[in-house]
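J.: Structure provided below as structure tokens; questions to follow.
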Amino acid sequence: MQKILVTGGAGFIGSHTCYSLLENNYELIVIDNLINSNIKSLEILKKLFSHKKIDISKKLNFQKGDLKDKKFLESIFKNAFAEKKPIEAVIHFAGLKAVAESVNKPLLYWDNNVIGTINLINRMIENNCQKIVFSSSATVYSATTEKYLKESSKLGPINPYGSTKLAIENLLNDIFKNNKQEWEIAILRYFNPIGAHSSGLIGENPLHQPNNIFPIIINAAYEKRKMSIFGSDWPTPDGTCIRDYIHVMDLADGHVKALKYLFKNKKKFITLNIGTGNGFSVLELIKTFQKTNNVKVPFFFDKRREGDSFKLVADNSKAKKLLNWSPQKSLEDMCRSGWKWKCLNPNGFKD
């Protein structure tokens with residue numbers, strides 16, 4: 001049983017990926033500072049598996065800590081080695097991720113995301129752990145009129161969040177080029193993860209004011225209060241931004257398949273788009289949500305938000321080919337599971 005370190009594993013994408021990793025019989029060490037996540041997400045994973053009469057208590061180890069704490073990181077690797085079960089690979093989710101916040105607090109994002117990653121990489125090198133799946137983002141791409149973004153499309157983030165993601169990509173690329181005989185690296189540029197686990201027991205649970213469109217839609221529907229749509233004059237058919245929305249469980253499956261690829265293929269560096277290849281505008285997403293769940297989403301149009309791109313849609317053909325992966329869930333599935341999560345957990349993990 002391979003032992004994997006998952007950074008930021010208590011968060012939205014991290015917890016769903018942990019579920020898929022456990023389903024595939026990996027042993028996990030999860031670290032998270034819990035500034036925008038909740039330990040209950042991992043506790044619920046144990047319940048989900050207990051319903052299947054599977055005990056994962058010895059396969060899921062959580063440690064609270066921050067990537068900027070070098071001694072904490074060192075202890076994680078050393079303890080695993082002392083137990084004669086060293087960490088064999090890392091899936092790296094940990095990082096701040098709100099575009100608007102990054103525009104207002106760029107130094108915070110560079111310090112947290114980039115310095116934290118440098119500390120992680122140094123500890124990996126010291127402990128002979130040189131496999132990593134990195135959680136990147138479509139925000140690394142330049143504003144474009146391309147119908148689909150390929151991994152070779154022009155890069156040029158327009159906000160600090162995207163800049164930190166690209167900086168980490170460049171760092172990993174430099175490390176690989178410096179020592180190709182040692183590293184296996186997968187960079188996953190994902191688009192817009194939404195939805196929730198089919199049980200409705202884990203889902204997106206922002207502890208602060210949500211910045212992503214989907215929890216804003218859910219809250220507007222549940223609380224019957226108007227939400228803002230930032231811009232009605234973008235160069236799209238209905239004037240609202242177009243995004244490639246992917247179900248979080250499809251995204252989780254992409255991480256598992258990327259990890260398996262790295263274990264199977266030595267001395268590899270791959271960069272992959274993880275999206276559906278289908279673009280939907282904000283208004284189309286709202287209409288689908290309303291129709292699927294038979295609810296109303298009140299909204300009004302506000303001015304454009306600094307740092308937003310008008311269109312981001314993936315060409316996912318490379319991921320399909322290399323990983324034998326493809327998204328299985330529809331936009332309706334995303335809307336249905338996300339609403340189920342909200343209805344079962346109106347206060348998130350606070351209950």
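Residues are referred to by chain and number: the chain letter is A, B, ... according to the order shown in the structure tokens, the number counts from 1 in that chain, and ligands are numbered separately from 1 in the order shown.
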For Ile274 of chain A, find every residue with an atom within 7 Å (counting only C-alpha atoms), except residues of its own chain fewer than 4 positions away, and show them as a list in words.
T.: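 Residues meeting the cut-off are Leu188, Arg189, Tyr190, Phe191, Leu251, Asn316 and Ala319 of chain A.
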J.: Near Ala80 of chain A, within 12 Å and counting only C-alpha atoms, which residues show up once chain neighbours fewer than 3 positions away are dropped, as a list in words?
T.: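 Using only C-alpha atoms, the neighbours found are Gln2, Lys3, Ile4, Leu5, Glu27, Leu28, Ile29, Asn61, Leu73, Glu74, Ser75, Ile76, Phe77, Glu83, Lys84, Lys85, Pro86, Ile87, Glu88, Asn127 and Cys129 of chain A.
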J.: If you keep N, CA, C and O atoms, can you produce a file of those selected residues as a compact mmCIF listing (two decimals), in the first residue's frame?
T.:
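The result, written out as result_13.txt:
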# COMPACT_ATOMS: atom_id res chain seq x y z
N GLN A 2 0.77 2.07 -1.04
CA GLN A 2 1.63 3.25 -1.17
C GLN A 2 1.13 4.39 -0.29
O GLN A 2 -0.06 4.65 -0.20
N LYS A 3 2.09 5.04 0.39
CA LYS A 3 1.75 6.15 1.28
C LYS A 3 1.90 7.46 0.55
O LYS A 3 2.96 7.76 -0.03
N ILE A 4 0.84 8.28 0.58
CA ILE A 4 0.79 9.54 -0.15
C ILE A 4 0.58 10.69 0.83
O ILE A 4 -0.28 10.60 1.72
N LEU A 5 1.33 11.76 0.66
CA LEU A 5 1.09 12.99 1.42
C LEU A 5 0.17 13.89 0.61
O LEU A 5 0.44 14.18 -0.55
N GLU A 27 -2.65 4.75 1.24
CA GLU A 27 -2.58 5.20 2.62
C GLU A 27 -2.23 6.69 2.61
O GLU A 27 -1.30 7.10 1.90
N LEU A 28 -2.95 7.49 3.37
CA LEU A 28 -2.81 8.94 3.26
C LEU A 28 -2.34 9.59 4.55
O LEU A 28 -2.79 9.23 5.65
N ILE A 29 -1.43 10.55 4.39
CA ILE A 29 -1.15 11.54 5.43
C ILE A 29 -1.69 12.86 4.88
O ILE A 29 -1.26 13.32 3.82
N ASN A 61 -4.44 9.55 8.08
CA ASN A 61 -3.79 10.21 9.20
C ASN A 61 -3.76 11.71 8.96
O ASN A 61 -3.16 12.17 7.98
N LEU A 73 6.93 20.25 8.58
CA LEU A 73 7.07 19.45 7.37
C LEU A 73 8.13 18.36 7.54
O LEU A 73 7.93 17.21 7.13
N GLU A 74 9.23 18.74 8.13
CA GLU A 74 10.30 17.77 8.35
C GLU A 74 9.83 16.62 9.22
O GLU A 74 10.14 15.45 8.95
N SER A 75 9.04 16.93 10.26
CA SER A 75 8.56 15.88 11.15
C SER A 75 7.62 14.91 10.43
O SER A 75 7.62 13.71 10.73
N ILE A 76 6.84 15.41 9.49
CA ILE A 76 5.92 14.55 8.74
C ILE A 76 6.70 13.48 7.97
O ILE A 76 6.37 12.29 8.02
N PHE A 77 7.74 13.90 7.27
CA PHE A 77 8.53 12.95 6.48
C PHE A 77 9.34 12.03 7.38
O PHE A 77 9.43 10.82 7.13
N GLU A 83 8.54 4.97 10.80
CA GLU A 83 7.55 3.90 10.83
C GLU A 83 7.79 2.87 9.72
O GLU A 83 7.00 1.94 9.55
N LYS A 84 8.89 3.08 8.98
CA LYS A 84 9.28 2.21 7.87
C LYS A 84 8.23 2.18 6.76
O LYS A 84 8.06 1.17 6.06
N LYS A 85 7.49 3.29 6.65
CA LYS A 85 6.53 3.47 5.55
C LYS A 85 6.71 4.88 5.01
O LYS A 85 5.90 5.77 5.23
N PRO A 86 7.83 5.12 4.31
CA PRO A 86 8.12 6.48 3.83
C PRO A 86 7.09 6.97 2.83
O PRO A 86 6.42 6.17 2.16
N ILE A 87 6.95 8.28 2.76
CA ILE A 87 6.05 8.91 1.80
C ILE A 87 6.60 8.71 0.40
O ILE A 87 7.77 9.05 0.12
N GLU A 88 5.79 8.19 -0.49
CA GLU A 88 6.26 7.87 -1.84
C GLU A 88 5.88 8.93 -2.87
O GLU A 88 6.47 8.97 -3.96
N ASN A 127 14.15 13.94 1.67
CA ASN A 127 13.63 12.63 2.05
C ASN A 127 13.42 11.70 0.86
O ASN A 127 12.67 10.71 0.97
N CYS A 129 11.78 11.83 -1.83
CA CYS A 129 10.41 11.70 -2.33
C CYS A 129 10.28 12.64 -3.52
O CYS A 129 10.24 13.87 -3.36
J.: Between A:Met124, A:Ala186, A:Ala98, A:Val114, which is the closest to Ile213 of chain A once you count only C-alpha atoms?
T.: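 Between A:Met124, A:Ala186, A:Ala98, A:Val114, the residue approaching Ile213 of chain A most closely is A:Ala98.
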J.: Which one of A:Asn205, A:Ser137, A:Asn79, A:Asn33 sits closest to Ala94 of chain A if you count only C-alpha atoms?
T.: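 Of the candidates, the smallest distance to Ala94 of chain A is held by A:Asn33.
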J.: Distance atom CA of Glu182 of chain A-atom CA of Lys165 of chain A, one decimal place?
T.: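 Atom CA of Lys165 of chain A lies at a distance of 22.7 Å from atom CA of Glu182 of chain A.
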J.: I need the alpha helix (DSSP H) residues of segment 72-242 of chain A per DSSP on the backbone, written as a ChimeraX atom specification.
T.: /A:72-82,99-104,106-109,116-126,160-178,213-223
J.: Find the residue from A:Lys321, A:Leu96, A:Phe12, A:Lys329 that sits nearest to Ala258 of chain A; use only C-alpha atoms when measuring.
T.: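 Of all the options, A:Lys321 lies closest to Ala258 of chain A.
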J.: Can you pull out the residues contacting Asn119 of chain A? Cut-off 9 Å, using only C-alpha atoms, and skip same-chain residues under 2 positions away; I want them as a PyMOL selection string.
T.: chain A and resi 67-70+73+114-117+121-124
J.: Considering only C-alpha atoms, give me a table of residues in segment 121-232 of chain A that are at most 6 Å from segment 245-249 of chain A, with the closest atom pair and distance in Å for each, as CSV.
T.:
residue,atom,partner,partner_atom,distance
A:Asn192,CA,A:Tyr245,CA,4.6
A:Pro193,CA,A:Ile246,CA,4.8
A:Ile194,CA,A:His247,CA,5.3
A:Gly195,CA,A:His247,CA,5.4
J.: Have a look at atom CA of Ala82 of chain A and atom CA of Gln63 of chain A and let me know their distance in Å, one decimal.
T.: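 Distance between the two atoms: 16.3 Å.
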J.: Could you check which of A:Ser135, A:Asn273, A:Asn159, A:Asn113 is closest to Gly95 of chain A, using only C-alpha atoms?
T.: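 Looking only at the distances to Gly95 of chain A, the closest residue turns out to be A:Asn113.
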